[in-house]
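J.: File follows, query_36.txt with compact mmCIF, C-alpha atoms and all ligand atoms:
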# COMPACT_ATOMS: atom_id res chain seq x y z
CA MET A 25 -123.69 221.54 59.40
CA ASP A 26 -125.19 224.77 58.09
CA PHE A 27 -126.10 227.25 60.82
CA SER A 28 -126.97 230.10 58.46
CA LEU A 29 -130.49 231.49 58.25
CA THR A 30 -132.32 232.01 54.97
CA ASP A 31 -133.27 235.52 53.84
CA ASP A 32 -136.88 234.83 54.82
CA GLN A 33 -135.89 233.65 58.30
CA ARG A 34 -133.73 236.74 58.82
CA MET A 35 -136.62 238.92 57.66
CA ILE A 36 -139.03 237.31 60.17
CA ARG A 37 -136.51 237.73 62.99
CA ASP A 38 -135.79 241.37 62.09
CA ASN A 39 -139.46 242.33 61.65
CA VAL A 40 -140.43 240.85 65.01
CA ARG A 41 -137.40 242.46 66.67
CA ARG A 42 -138.33 245.87 65.28
CA PHE A 43 -141.93 245.49 66.43
CA MET A 44 -140.96 244.38 69.94
CA ASP A 45 -138.38 247.14 70.40
CA ALA A 46 -140.64 249.89 69.08
CA GLU A 47 -144.11 248.86 70.28
CA VAL A 48 -143.65 246.66 73.35
CA ARG A 49 -140.40 247.63 75.09
CA PRO A 50 -141.62 251.11 76.13
CA ASN A 51 -144.57 249.59 78.05
CA VAL A 52 -143.28 246.26 79.28
CA ARG A 53 -142.37 247.31 82.84
CA ARG A 54 -145.68 249.08 83.33
CA TYR A 55 -147.67 246.11 81.98
CA ASP A 56 -145.81 243.81 84.38
CA ARG A 57 -146.54 246.10 87.32
CA GLU A 58 -150.21 246.53 86.37
CA GLU A 59 -150.62 242.87 85.30
CA LYS A 60 -152.02 244.16 82.02
CA PHE A 61 -152.51 241.48 79.40
CA PRO A 62 -150.97 242.76 76.12
CA ALA A 63 -153.98 241.82 73.99
CA ALA A 64 -153.55 244.61 71.41
CA GLU A 65 -149.86 243.87 70.91
CA ILE A 66 -150.51 240.15 70.49
CA ARG A 67 -153.22 240.97 67.97
CA ARG A 68 -150.72 243.05 65.99
CA LEU A 69 -148.27 240.13 66.00
CA GLY A 70 -151.13 237.94 64.82
CA GLU A 71 -151.60 240.26 61.87
CA LEU A 72 -147.88 239.77 61.13
CA GLY A 73 -148.54 236.01 60.97
CA CYS A 74 -147.19 235.04 64.41
CA CYS A 75 -150.25 233.15 65.71
CA GLY A 76 -150.48 230.43 63.07
CA MET A 77 -146.90 230.05 61.96
CA LEU A 78 -146.97 226.24 61.65
CA ILE A 79 -150.44 226.04 60.07
CA PRO A 80 -150.89 225.53 56.29
CA GLU A 81 -152.00 228.54 54.27
CA GLU A 82 -155.32 226.93 53.32
CA TRP A 83 -156.35 227.28 56.99
CA GLY A 84 -155.10 230.84 57.29
CA GLY A 85 -151.61 230.04 58.61
CA ALA A 86 -148.15 231.13 57.50
CA ALA A 87 -147.01 227.55 56.66
CA LEU A 88 -143.50 228.15 58.00
CA GLU A 89 -140.89 225.75 59.34
CA THR A 90 -140.17 225.43 63.04
CA ILE A 91 -136.90 227.42 62.79
CA SER A 92 -138.87 230.53 61.77
CA TYR A 93 -141.26 229.88 64.63
CA VAL A 94 -138.50 229.67 67.25
CA LEU A 95 -136.84 232.80 65.85
CA MET A 96 -140.13 234.65 66.32
CA LEU A 97 -140.55 233.41 69.90
CA GLU A 98 -136.95 234.25 70.77
CA GLU A 99 -137.39 237.82 69.60
CA VAL A 100 -140.66 238.23 71.50
CA ALA A 101 -139.18 236.78 74.72
CA ARG A 102 -136.06 238.94 74.40
CA VAL A 103 -138.36 241.85 75.32
CA ASP A 104 -141.38 240.23 77.01
CA ALA A 105 -141.55 236.60 78.13
CA SER A 106 -145.24 236.99 79.03
CA MET A 107 -146.16 237.67 75.41
CA ALA A 108 -143.98 234.77 74.28
CA VAL A 109 -145.89 232.23 76.37
CA ALA A 110 -149.24 233.50 75.06
CA LEU A 111 -147.99 232.97 71.49
CA SER A 112 -146.31 229.66 72.26
CA VAL A 113 -149.49 228.19 73.75
CA THR A 114 -151.66 229.42 70.88
CA ASN A 115 -149.31 228.14 68.15
CA SER A 116 -147.88 224.93 69.58
CA VAL A 117 -150.45 223.40 71.87
CA VAL A 118 -153.73 224.68 70.46
CA ALA A 119 -153.53 225.56 66.74
CA TRP A 120 -151.12 222.75 65.88
CA PRO A 121 -153.15 219.90 67.47
CA ILE A 122 -156.35 221.28 65.91
CA TRP A 123 -154.67 221.15 62.51
CA ARG A 124 -153.20 217.71 63.14
CA HIS A 125 -156.23 215.99 64.71
CA GLY A 126 -159.16 218.17 63.72
CA ASN A 127 -161.61 217.57 60.92
CA ASP A 128 -162.10 220.18 58.20
CA ALA A 129 -165.11 221.74 59.94
CA GLN A 130 -163.05 222.24 63.13
CA ARG A 131 -160.10 223.60 61.16
CA GLN A 132 -162.39 225.98 59.31
CA LYS A 133 -164.09 227.16 62.47
CA TYR A 134 -161.07 227.62 64.73
CA LEU A 135 -157.84 227.82 62.72
CA GLN A 136 -159.16 230.54 60.43
CA ARG A 137 -159.59 232.72 63.55
CA LEU A 138 -156.57 231.54 65.55
CA ALA A 139 -154.03 231.97 62.76
CA PRO A 140 -154.53 235.72 62.19
CA GLY A 141 -154.68 236.35 65.95
CA GLU A 142 -158.39 237.12 65.93
CA ILE A 143 -158.71 234.76 68.91
CA LEU A 144 -156.15 233.12 71.20
CA GLY A 145 -156.08 229.51 72.30
CA ALA A 146 -155.71 227.90 75.74
CA PHE A 147 -154.59 224.39 76.73
CA CYS A 148 -156.35 222.86 79.74
CA LEU A 149 -154.63 219.74 81.03
CA THR A 150 -153.35 220.56 84.55
CA GLU A 151 -155.69 220.25 87.52
CA PRO A 152 -155.18 221.15 91.18
CA GLN A 153 -154.29 217.51 92.00
CA ALA A 154 -152.62 216.52 88.71
CA GLY A 155 -149.66 218.28 87.07
CA SER A 156 -146.76 216.05 85.99
CA ASP A 157 -149.02 213.05 86.40
CA ALA A 158 -151.42 214.10 83.66
CA ALA A 159 -153.17 210.75 83.50
CA ALA A 160 -154.47 211.44 87.02
CA ILE A 161 -156.83 214.19 85.85
CA GLU A 162 -160.33 213.93 87.27
CA THR A 163 -162.38 216.17 84.97
CA ARG A 164 -165.16 213.99 83.60
CA ALA A 165 -166.94 214.11 80.26
CA VAL A 166 -170.16 212.12 80.12
CA ARG A 167 -171.94 211.64 76.84
CA SER A 168 -175.65 212.11 76.49
CA GLY A 169 -176.88 211.81 72.92
CA LYS A 170 -174.96 214.30 70.78
CA THR A 171 -173.63 216.29 73.73
CA TYR A 172 -170.90 215.75 76.33
CA ARG A 173 -171.27 217.19 79.83
CA LEU A 174 -167.97 218.26 81.38
CA ASN A 175 -167.43 218.58 85.12
CA GLY A 176 -164.14 219.46 86.82
CA THR A 177 -161.54 222.13 87.48
CA LYS A 178 -158.51 223.09 85.39
CA SER A 179 -155.71 225.15 86.89
CA TRP A 180 -152.88 227.33 85.58
CA VAL A 181 -154.54 227.85 82.22
CA THR A 182 -152.34 230.23 80.23
CA ASN A 183 -154.46 232.72 78.21
CA GLY A 184 -157.41 231.72 80.41
CA GLY A 185 -160.13 234.37 80.21
CA GLU A 186 -158.51 235.79 77.05
CA SER A 187 -159.09 232.92 74.64
CA GLY A 188 -161.72 232.09 72.06
CA VAL A 189 -161.09 228.34 72.20
CA TYR A 190 -159.97 226.03 75.01
CA LEU A 191 -158.47 222.62 74.30
CA VAL A 192 -159.75 220.67 77.31
CA PHE A 193 -158.79 217.15 78.35
CA ALA A 194 -161.34 215.11 80.28
CA LYS A 195 -161.95 211.47 81.18
CA THR A 196 -164.61 209.76 79.15
CA ASP A 197 -163.69 206.33 80.53
CA PRO A 198 -162.21 206.62 84.03
CA VAL A 199 -161.42 202.92 84.34
CA ALA A 200 -159.30 202.99 81.17
CA GLY A 201 -156.71 205.27 82.84
CA ALA A 202 -154.55 207.14 80.34
CA ARG A 203 -156.49 205.58 77.45
CA GLY A 204 -159.74 206.98 78.81
CA ILE A 205 -158.92 210.66 78.20
CA THR A 206 -160.59 212.62 75.39
CA ALA A 207 -159.87 216.10 73.98
CA PHE A 208 -162.57 218.76 73.46
CA LEU A 209 -162.69 222.19 71.87
CA VAL A 210 -164.61 224.36 74.32
CA GLU A 211 -165.78 227.92 73.74
CA PRO A 212 -166.12 230.30 76.67
CA ALA A 213 -169.73 230.96 75.70
CA PHE A 214 -170.71 227.32 76.27
CA SER A 215 -173.04 226.99 79.25
CA GLY A 216 -171.26 225.76 82.40
CA PHE A 217 -167.86 227.34 81.53
CA ARG A 218 -166.50 229.73 84.17
CA VAL A 219 -163.17 231.41 84.97
CA SER A 220 -163.16 231.11 88.77
CA ARG A 221 -159.93 233.02 89.56
CA TYR A 222 -156.55 234.17 88.34
CA GLU A 223 -153.23 233.11 89.88
CA ASP A 224 -151.16 235.74 91.68
CA LYS A 225 -147.75 234.81 90.26
CA MET A 226 -144.06 235.43 90.95
CA GLY A 227 -143.37 236.30 87.31
CA LEU A 228 -144.97 236.48 83.87
CA ARG A 229 -147.34 238.90 85.57
CA SER A 230 -148.82 240.26 82.37
CA SER A 231 -149.67 236.73 81.23
CA ARG A 232 -152.98 235.27 82.42
CA SER A 233 -153.04 232.02 84.41
CA ALA A 234 -156.61 231.09 85.19
CA GLU A 235 -158.50 228.45 87.09
CA ILE A 236 -161.48 227.28 85.06
CA VAL A 237 -164.46 225.41 86.42
CA PHE A 238 -166.68 223.26 84.22
CA SER A 239 -170.10 222.69 85.78
CA ASP A 240 -172.25 220.54 83.54
CA CYS A 241 -170.55 222.36 80.67
CA GLU A 242 -172.29 221.30 77.47
CA VAL A 243 -169.97 220.49 74.59
CA PRO A 244 -171.47 219.34 71.29
CA GLU A 245 -170.18 216.08 69.84
CA GLU A 246 -168.72 217.93 66.84
CA ASN A 247 -166.34 219.67 69.26
CA ARG A 248 -164.60 216.46 70.26
CA LEU A 249 -161.05 216.58 68.88
CA GLY A 250 -160.02 213.16 67.60
CA GLU A 251 -161.58 209.97 68.89
CA GLU A 252 -162.60 209.09 72.41
CA GLY A 253 -159.54 207.85 74.31
CA GLN A 254 -156.99 209.69 72.16
CA GLY A 255 -156.77 212.74 74.41
CA LEU A 256 -153.53 212.03 76.24
CA LYS A 257 -151.76 211.13 73.00
CA ILE A 258 -152.92 214.44 71.51
CA ALA A 259 -151.75 216.34 74.61
CA LEU A 260 -148.32 214.69 74.73
CA GLU A 261 -147.71 215.19 71.02
CA ALA A 262 -148.64 218.87 71.37
CA LEU A 263 -146.31 219.25 74.35
CA ASP A 264 -143.40 217.80 72.34
CA GLY A 265 -143.78 220.78 70.01
CA GLY A 266 -144.57 223.16 72.86
CA ARG A 267 -141.27 222.40 74.55
CA VAL A 268 -139.30 223.64 71.54
CA GLY A 269 -141.25 226.89 71.90
CA ILE A 270 -140.57 227.15 75.65
CA ALA A 271 -136.87 226.50 74.98
CA ALA A 272 -136.89 229.35 72.44
CA GLN A 273 -138.63 231.55 75.00
CA ALA A 274 -135.79 230.76 77.45
CA VAL A 275 -133.11 231.65 74.88
CA GLY A 276 -134.85 234.94 74.11
CA LEU A 277 -135.24 235.90 77.76
CA ALA A 278 -131.56 235.10 78.39
CA GLN A 279 -130.48 237.08 75.32
CA GLY A 280 -132.41 240.09 76.61
CA ALA A 281 -130.76 239.75 80.03
CA LEU A 282 -127.31 239.50 78.43
CA GLU A 283 -127.85 242.60 76.29
CA ALA A 284 -129.06 244.61 79.29
CA SER A 285 -126.07 243.42 81.33
CA ALA A 286 -123.45 244.18 78.66
CA SER A 287 -124.89 247.63 78.20
CA TYR A 288 -124.94 248.28 81.97
CA ALA A 289 -121.36 246.98 82.34
CA LYS A 290 -120.17 249.55 79.81
CA GLN A 291 -121.68 252.52 81.63
CA ARG A 292 -121.71 251.74 85.37
CA ARG A 293 -118.51 252.95 87.05
CA ALA A 294 -116.76 251.75 90.23
CA PHE A 295 -113.22 252.36 91.49
CA GLY A 296 -112.59 254.77 88.60
CA LYS A 297 -113.43 252.22 85.87
CA THR A 298 -116.48 250.86 84.14
CA ILE A 299 -117.49 247.58 85.79
CA GLY A 300 -117.02 245.91 82.38
CA GLU A 301 -113.28 246.46 82.84
CA PHE A 302 -113.26 244.08 85.81
CA GLN A 303 -112.42 240.54 84.80
CA ALA A 304 -114.99 239.15 87.24
CA VAL A 305 -117.75 240.91 85.32
CA GLN A 306 -116.24 239.99 81.92
CA PHE A 307 -116.23 236.33 82.93
CA MET A 308 -119.90 236.44 83.89
CA LEU A 309 -120.76 238.01 80.52
CA ALA A 310 -118.62 235.47 78.66
CA ASP A 311 -120.29 232.54 80.41
CA MET A 312 -123.74 234.01 79.75
CA GLN A 313 -123.08 234.41 76.03
CA THR A 314 -121.54 230.94 75.66
CA GLU A 315 -124.44 229.24 77.43
CA ILE A 316 -127.00 231.14 75.38
CA GLU A 317 -125.33 230.07 72.13
CA ALA A 318 -125.23 226.44 73.28
CA ALA A 319 -128.94 226.55 74.12
CA ARG A 320 -129.81 228.28 70.85
CA LEU A 321 -128.11 225.50 68.89
CA LEU A 322 -130.03 222.85 70.85
CA VAL A 323 -133.27 224.71 70.05
CA TRP A 324 -132.44 224.90 66.34
CA GLN A 325 -131.51 221.23 66.33
CA ALA A 326 -134.81 220.31 68.01
CA ALA A 327 -136.66 222.48 65.48
CA GLN A 328 -134.92 220.76 62.59
CA MET A 329 -135.64 217.29 64.00
CA ARG A 330 -139.30 218.23 64.26
CA ASP A 331 -139.49 219.48 60.68
CA ALA A 332 -137.68 216.36 59.48
CA GLY A 333 -140.42 214.28 61.13
CA SER A 334 -137.91 212.41 63.28
CA ALA A 335 -139.36 209.81 65.63
CA ARG A 336 -136.93 211.15 68.25
CA ALA A 337 -138.02 214.79 67.88
CA GLY A 338 -139.64 214.70 71.34
CA THR A 339 -136.37 213.73 72.99
CA PHE A 340 -134.53 216.54 71.23
CA ALA A 341 -137.24 218.95 72.37
CA SER A 342 -136.74 217.77 75.96
CA ARG A 343 -132.98 218.27 75.76
CA ALA A 344 -133.45 221.79 74.41
CA LYS A 345 -136.12 222.62 77.01
CA LEU A 346 -134.08 221.20 79.92
CA PHE A 347 -130.86 222.99 79.03
CA ALA A 348 -132.36 226.28 77.84
CA SER A 349 -134.72 226.71 80.80
CA GLU A 350 -132.02 226.04 83.40
CA MET A 351 -129.55 228.16 81.42
CA ALA A 352 -132.00 231.10 81.43
CA ASN A 353 -132.16 230.93 85.23
CA ARG A 354 -128.36 230.97 85.52
CA VAL A 355 -128.11 233.85 83.06
CA ALA A 356 -130.85 235.87 84.79
CA TYR A 357 -129.09 235.33 88.15
CA LYS A 358 -125.83 236.71 86.72
CA ALA A 359 -127.67 239.58 85.05
CA VAL A 360 -129.03 240.70 88.44
CA GLN A 361 -125.55 240.28 89.96
CA ILE A 362 -123.97 242.50 87.30
CA HIS A 363 -126.60 245.16 87.91
CA GLY A 364 -125.95 245.15 91.67
CA SER A 365 -128.69 246.90 93.64
CA MET A 366 -130.19 248.19 90.39
CA GLY A 367 -130.83 244.54 89.45
CA TYR A 368 -132.96 244.20 92.58
CA SER A 369 -135.05 247.22 91.64
CA ARG A 370 -138.26 247.22 89.67
CA GLU A 371 -136.64 250.05 87.69
CA SER A 372 -134.55 247.44 85.83
CA ASP A 373 -135.62 244.91 83.22
CA VAL A 374 -133.40 242.18 84.65
CA GLU A 375 -135.41 242.13 87.90
CA ARG A 376 -138.46 241.13 85.86
CA MET A 377 -136.48 238.67 83.76
CA TYR A 378 -135.16 236.97 86.91
CA ARG A 379 -138.74 236.39 88.08
CA ASP A 380 -139.97 235.42 84.62
CA ALA A 381 -137.18 232.86 84.16
CA ARG A 382 -138.17 230.77 87.17
CA VAL A 383 -141.18 229.12 85.60
CA LEU A 384 -139.32 227.94 82.51
CA SER A 385 -138.08 224.79 84.23
CA ILE A 386 -141.57 224.06 85.60
CA TYR A 387 -144.24 224.44 82.92
CA GLU A 388 -144.79 222.15 79.93
CA GLY A 389 -142.98 219.47 81.95
CA THR A 390 -140.56 220.13 84.80
CA SER A 391 -136.81 219.62 84.42
CA GLU A 392 -137.16 216.32 86.27
CA ILE A 393 -139.70 215.11 83.70
CA GLN A 394 -137.43 216.21 80.83
CA ARG A 395 -134.59 214.21 82.38
CA LEU A 396 -136.82 211.13 82.55
CA ILE A 397 -137.57 211.43 78.82
CA ILE A 398 -133.90 211.96 77.92
CA ALA A 399 -132.76 209.07 80.11
CA ARG A 400 -135.37 206.73 78.65
CA ASP A 401 -134.17 207.56 75.16
CA LEU A 402 -130.55 207.13 76.22
CA LEU A 403 -131.33 203.72 77.68
CA GLY A 404 -132.91 202.58 74.48
CA ARG A 405 -136.61 203.34 74.62
CA THR A 406 -137.97 205.33 71.70
CA ASP A 407 -140.51 208.14 71.84
CA LYS A 408 -143.04 205.81 70.22
CA ALA A 409 -142.53 203.32 73.00
CA ARG A 410 -142.94 206.16 75.47
CA THR A 411 -146.35 207.14 74.12
CA GLU A 412 -147.53 203.56 74.12
CA LYS A 413 -146.11 202.92 77.54
CA THR A 414 -147.59 206.11 78.89
CA ALA A 415 -150.96 205.14 77.52
CA SER A 416 -150.84 201.78 79.25
CA ARG A 417 -149.76 203.24 82.63
CA PRO A 418 -149.27 203.13 85.52
CA VAL A 419 -146.53 205.72 85.16
CA THR A 420 -146.14 208.90 87.14
CA GLU A 421 -144.59 210.98 84.37
CA ALA A 422 -147.47 211.17 81.94
CA LYS A 423 -146.74 214.80 81.14
CA ALA A 424 -143.26 213.71 80.11
C1 LIG B 1 -147.15 230.09 84.82
C2 LIG B 1 -147.66 228.71 84.53
C3 LIG B 1 -148.39 228.49 83.37
C4 LIG B 1 -148.91 227.22 83.10
N1 LIG B 1 -149.68 227.03 81.99
C5 LIG B 1 -150.34 225.86 81.82
C6 LIG B 1 -151.29 225.69 80.76
O1 LIG B 1 -151.51 226.60 79.95
N2 LIG B 1 -151.97 224.52 80.68
C7 LIG B 1 -151.75 223.50 81.54
O2 LIG B 1 -152.40 222.46 81.40
N3 LIG B 1 -150.85 223.61 82.55
C8 LIG B 1 -150.16 224.77 82.72
N4 LIG B 1 -149.27 224.92 83.76
C9 LIG B 1 -149.07 223.82 84.68
C10 LIG B 1 -147.71 223.14 84.51
O3 LIG B 1 -147.62 222.46 83.31
C11 LIG B 1 -147.47 222.27 85.73
O4 LIG B 1 -147.27 223.15 86.82
C12 LIG B 1 -146.28 221.36 85.57
O5 LIG B 1 -146.53 220.35 84.65
C13 LIG B 1 -145.87 220.70 86.89
O6 LIG B 1 -146.97 220.17 87.55
P1 LIG B 1 -147.23 220.52 89.10
O7 LIG B 1 -147.08 221.99 89.24
O8 LIG B 1 -148.48 219.90 89.51
O9 LIG B 1 -146.02 219.86 89.85
P2 LIG B 1 -146.00 218.35 90.42
O10 LIG B 1 -146.35 217.40 89.34
O11 LIG B 1 -146.78 218.31 91.68
O12 LIG B 1 -144.45 218.19 90.75
C14 LIG B 1 -143.87 218.70 91.96
C15 LIG B 1 -142.39 218.32 91.95
O13 LIG B 1 -142.26 216.88 91.90
C16 LIG B 1 -141.46 216.51 90.79
N5 LIG B 1 -141.95 215.25 90.20
C17 LIG B 1 -143.22 214.91 89.87
N6 LIG B 1 -143.26 213.69 89.30
C18 LIG B 1 -141.98 213.25 89.26
C19 LIG B 1 -141.35 212.06 88.78
N7 LIG B 1 -142.04 211.07 88.21
N8 LIG B 1 -140.00 211.96 88.90
C20 LIG B 1 -139.28 212.96 89.46
N9 LIG B 1 -139.81 214.10 89.93
C21 LIG B 1 -141.14 214.25 89.83
C22 LIG B 1 -141.61 217.65 89.80
O14 LIG B 1 -140.52 217.69 88.87
C23 LIG B 1 -141.63 218.84 90.73
O15 LIG B 1 -140.32 219.19 91.10
C24 LIG B 1 -148.69 226.14 84.01
C25 LIG B 1 -147.92 226.38 85.16
C26 LIG B 1 -147.42 227.64 85.43
C27 LIG B 1 -146.63 227.85 86.70
Take the structure in the file and write it out as structure tokens.

T.:
Amino acid sequence: MDFSLTDDQRMIRDNVRRFMDAEVRPNVRRYDREEKFPAAEIRRLGELGCCGMLIPEEWGGAALETISYVLMLEEVARVDASMAVALSVTNSVVAWPIWRHGNDAQRQKYLQRLAPGEILGAFCLTEPQAGSDAAAIETRAVRSGKTYRLNGTKSWVTNGGESGVYLVFAKTDPVAGARGITAFLVEPAFSGFRVSRYEDKMGLRSSRSAEIVFSDCEVPEENRLGEEGQGLKIALEALDGGRVGIAAQAVGLAQGALEASASYAKQRRAFGKTIGEFQAVQFMLADMQTEIEAARLLVWQAAQMRDAGSARAGTFASRAKLFASEMANRVAYKAVQIHGSMGYSRESDVERMYRDARVLSIYEGTSEIQRLIIARDLLGRTDKARTEKTASRPVTEAKA
């Protein structure tokens, strides 16, 4: 197995690393404290090609493989996990499904602006009463001539209030269950669209998480993505890719925590020595590095499976997401421990990383949902069967 990166992949990683260290690191603590959305920095990364990495060049994208994409996300998350989730959502669960399921007019209208970072994208599946059980959404879309009217509430919308296009899932046929969900491309200027509030979160404080209310929101027929009834399939397919991105975000966050901890261990002194001379601290660092490498390899494997078009790519994405997200929490815990009281202070980066890590095992499918997917595969059910089975419900793990 070849684990080496190509020259192009190394160049992408190094360019993003340089940008993050020079332009973002100096402000990241302040942005977290002030809950300032890093719009200008994301725009700059968009100009470097980071917002449409998986999109073909004819639609304005960089046409890269998933390995390059995860390298980019890792480098962004190594400094700022909030920026990484904004990019992950735009690339994986908005731009990619528009390219895959959109018609040329939709690609022209939205991808040409998403790919260079001119606008961001948001993914609106979760509702106050429906998270893991995505088929239980209640937002309705009722057709009247050439327009759909959307009514309902979406919660925890990443990039909400900052996006130019919202991929919204709504029921067009409530009695058809999971097969009655349809996807729509909604612009914030459409009448009846409203950001009702922002979540006050534990971590990722410079990322936006909005509640969005649709009140007779008018969406033209040409903004339906795919056919009526295909919405949940589109969402689940997008999330398969999204999970590789979240796993890369976890690896990057953990790598940042390890680097901060190693550096601190070399300079902090106790009992006449640097704390890095104590075996207890060395063992924590060794475990952190080993776990990060294991997760990174799972992420690269999932990326390769995706590019190879494997029918089991979704399962590999779940394995990477499960392990990497839980690993990042263990690593962030140890990073705070190594920093002692400084790790509990807002003066340190690891304090923020510890808070930011917590959501990784919750969003884009909780760890429990990832385990369900992995176990189903292990017991002989393919991803294809999963999609079909999910669509025929009743199952509780639709967001699996
Ligand atoms: C910061 C943040 C950003 C987010 N961004 C977005 C976004 O951009 N777009 C979007 O649509 N959503 C977003 N979400 C929502 C996220 O995807 C959901 O929170 C997640 O899917 C879990 O749903 P829930 O919170 O409703 O938990 P629930 O589904 O209520 O689950 C609660 C608990 O029950 C467990 N559970 C549920 N079902 C099962 C089962 N079948 N078997 C075993 N255990 C089960 C869960 O694992 C969990 O531990 C975001 C969330 C956060 C916190």

J.: With only C-alpha atoms as the basis for distance, which of A:Ala160, A:Ala352, A:Ala319, A:Ala202 is at the shortest distance from Met377 of chain A?

T.: A:Ala352

J.: If we count all atoms listed in the file and set the cut-off at 12 Å, which residues sit around Glu251 of chain A, ignoring sequence neighbours fewer than 6 positions away in its own chain? Please answer as a ChimeraX atom specification.

T.: /A:125-127,196,203-208,245,257-258

J.: Do you have the atom CA of Gly141 of chain A-atom CA of Met226 of chain A distance handy?

T.: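 Interatomic distance here is 27.2 Å.
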
J.: Given the point (-138.4, 227.7, 58.9) in the file's coordinates, find the residues that have an atom at most 10 Å from it, counting all atoms listed in the file, and give them as a VMD selection string.

T.: chain A and resid 29 to 30 32 to 33 36 77 to 78 87 to 95 324 327 to 328 331

J.: Could you list, as a ChimeraX atom specification, all protein and nucleic acid residues with an atom at most 9 Å from ligand LIG 1 (chain B), counting all atoms listed in the file?

T.: /A:109-110,113,117,146-158,178-184,192-193,223,225-229,231-234,380,382-396,419-424

J.: Nearest to Asn247 of chain A among A:Thr171, A:Ala262, A:Arg267, A:Arg67, with distances taken over all atoms listed in the file: which residue is it?

T.: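 Checking each candidate against Asn247 of chain A, we get A:Thr171 as the closest.
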
J.: From the options A:Ala259, A:Ile362, A:Ile398, A:Leu97, which residue's atoms come nearest to Cys74 of chain A, counting all atoms listed in the file?

T.: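 Result for the nearest residue to Cys74 of chain A: A:Leu97.
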
J.: Restricting the calculation to only C-alpha atoms, which member of A:Val52, A:Ala399, A:Val199, A:Ala344 is positioned closest to Arg370 of chain A?

T.: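 Of the candidates, the smallest distance to Arg370 of chain A is held by A:Val52.
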
J.: Listed atoms of segment 105-116 of chain A, axis-aligned box, 8 Å per side: centre and edge lengths to one decimal in Å, as JSON?

T.:
{"center_x": -146.6, "center_y": 231.3, "center_z": 73.6, "size_x": 26.1, "size_y": 28.7, "size_z": 26.9}

J.: Compile the contact shell of Arg131 of chain A as a PyMOL selection string: residues with an atom at most 12 Å away, counting all atoms listed in the file, same-chain residues fewer than 2 positions apart removed.

T.: chain A and resi 76+79-85+118-129+133-139+209+246-247+249

J.: Between A:Ile143, A:Met312, A:Val100, A:Ala335, which is the closest to Ala284 of chain A once you count all atoms listed in the file?

T.: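 Result for the nearest residue to Ala284 of chain A: A:Met312.
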
J.: When you draw a straight line from atom CA of Arg49 of chain A to atom CA of Ser287 of chain A, how long is it in Å?

T.: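 So the answer is 15.8 Å.
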
J.: Enter the distance from atom CA of Ala281 of chain A to atom CA of Thr314 of chain A, in Å, rounded to one decimal.

T.: 13.5 Å

J.: I need the residue nearest Cys241 of chain A from this list: A:Leu174, A:Leu346, A:Ala64, A:Ala332. Use all atoms listed in the file for the distance.

T.: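 Of A:Leu174, A:Leu346, A:Ala64, A:Ala332, the one nearest Cys241 of chain A, counting all atoms listed in the file, is A:Leu174.
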
J.: Since the input is missing atoms, can you rebuild N, CA and C atoms for segment 383-393 of chain A and write them as an mmCIF file, in the coordinates of the input?

T.:
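Result file selection-v4.cif:
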data_model
loop_
_atom_site.group_PDB
_atom_site.id
_atom_site.type_symbol
_atom_site.label_atom_id
_atom_site.label_comp_id
_atom_site.auth_asym_id
_atom_site.auth_seq_id
_atom_site.Cartn_x
_atom_site.Cartn_y
_atom_site.Cartn_z
ATOM 1 N N VAL A 383 -140.165 230.100 85.988
ATOM 2 C CA VAL A 383 -141.180 229.120 85.600
ATOM 3 C C VAL A 383 -140.752 228.228 84.431
ATOM 4 N N LEU A 384 -139.689 228.656 83.734
ATOM 5 C CA LEU A 384 -139.320 227.940 82.510
ATOM 6 C C LEU A 384 -138.983 226.468 82.760
ATOM 7 N N SER A 385 -138.434 226.191 83.938
ATOM 8 C CA SER A 385 -138.080 224.790 84.230
ATOM 9 C C SER A 385 -139.224 224.065 84.946
ATOM 10 N N ILE A 386 -140.399 224.697 84.955
ATOM 11 C CA ILE A 386 -141.570 224.060 85.600
ATOM 12 C C ILE A 386 -142.663 223.740 84.579
ATOM 13 N N TYR A 387 -143.071 224.752 83.759
ATOM 14 C CA TYR A 387 -144.240 224.440 82.920
ATOM 15 C C TYR A 387 -143.880 223.679 81.641
ATOM 16 N N GLU A 388 -144.918 223.091 81.062
ATOM 17 C CA GLU A 388 -144.790 222.150 79.930
ATOM 18 C C GLU A 388 -143.789 221.029 80.259
ATOM 19 N N GLY A 389 -143.843 220.570 81.483
ATOM 20 C CA GLY A 389 -142.980 219.470 81.950
ATOM 21 C C GLY A 389 -141.799 220.021 82.707
ATOM 22 N N THR A 390 -141.670 219.623 83.980
ATOM 23 C CA THR A 390 -140.560 220.130 84.800
ATOM 24 C C THR A 390 -139.224 219.573 84.285
ATOM 25 N N SER A 391 -138.135 220.114 84.815
ATOM 26 C CA SER A 391 -136.810 219.620 84.420
ATOM 27 C C SER A 391 -136.655 218.132 84.762
ATOM 28 N N GLU A 392 -137.271 217.736 85.877
ATOM 29 C CA GLU A 392 -137.160 216.320 86.270
ATOM 30 C C GLU A 392 -137.839 215.433 85.222
ATOM 31 N N ILE A 393 -138.988 215.888 84.725
ATOM 32 C CA ILE A 393 -139.700 215.110 83.700
ATOM 33 C C ILE A 393 -138.891 215.084 82.396
#
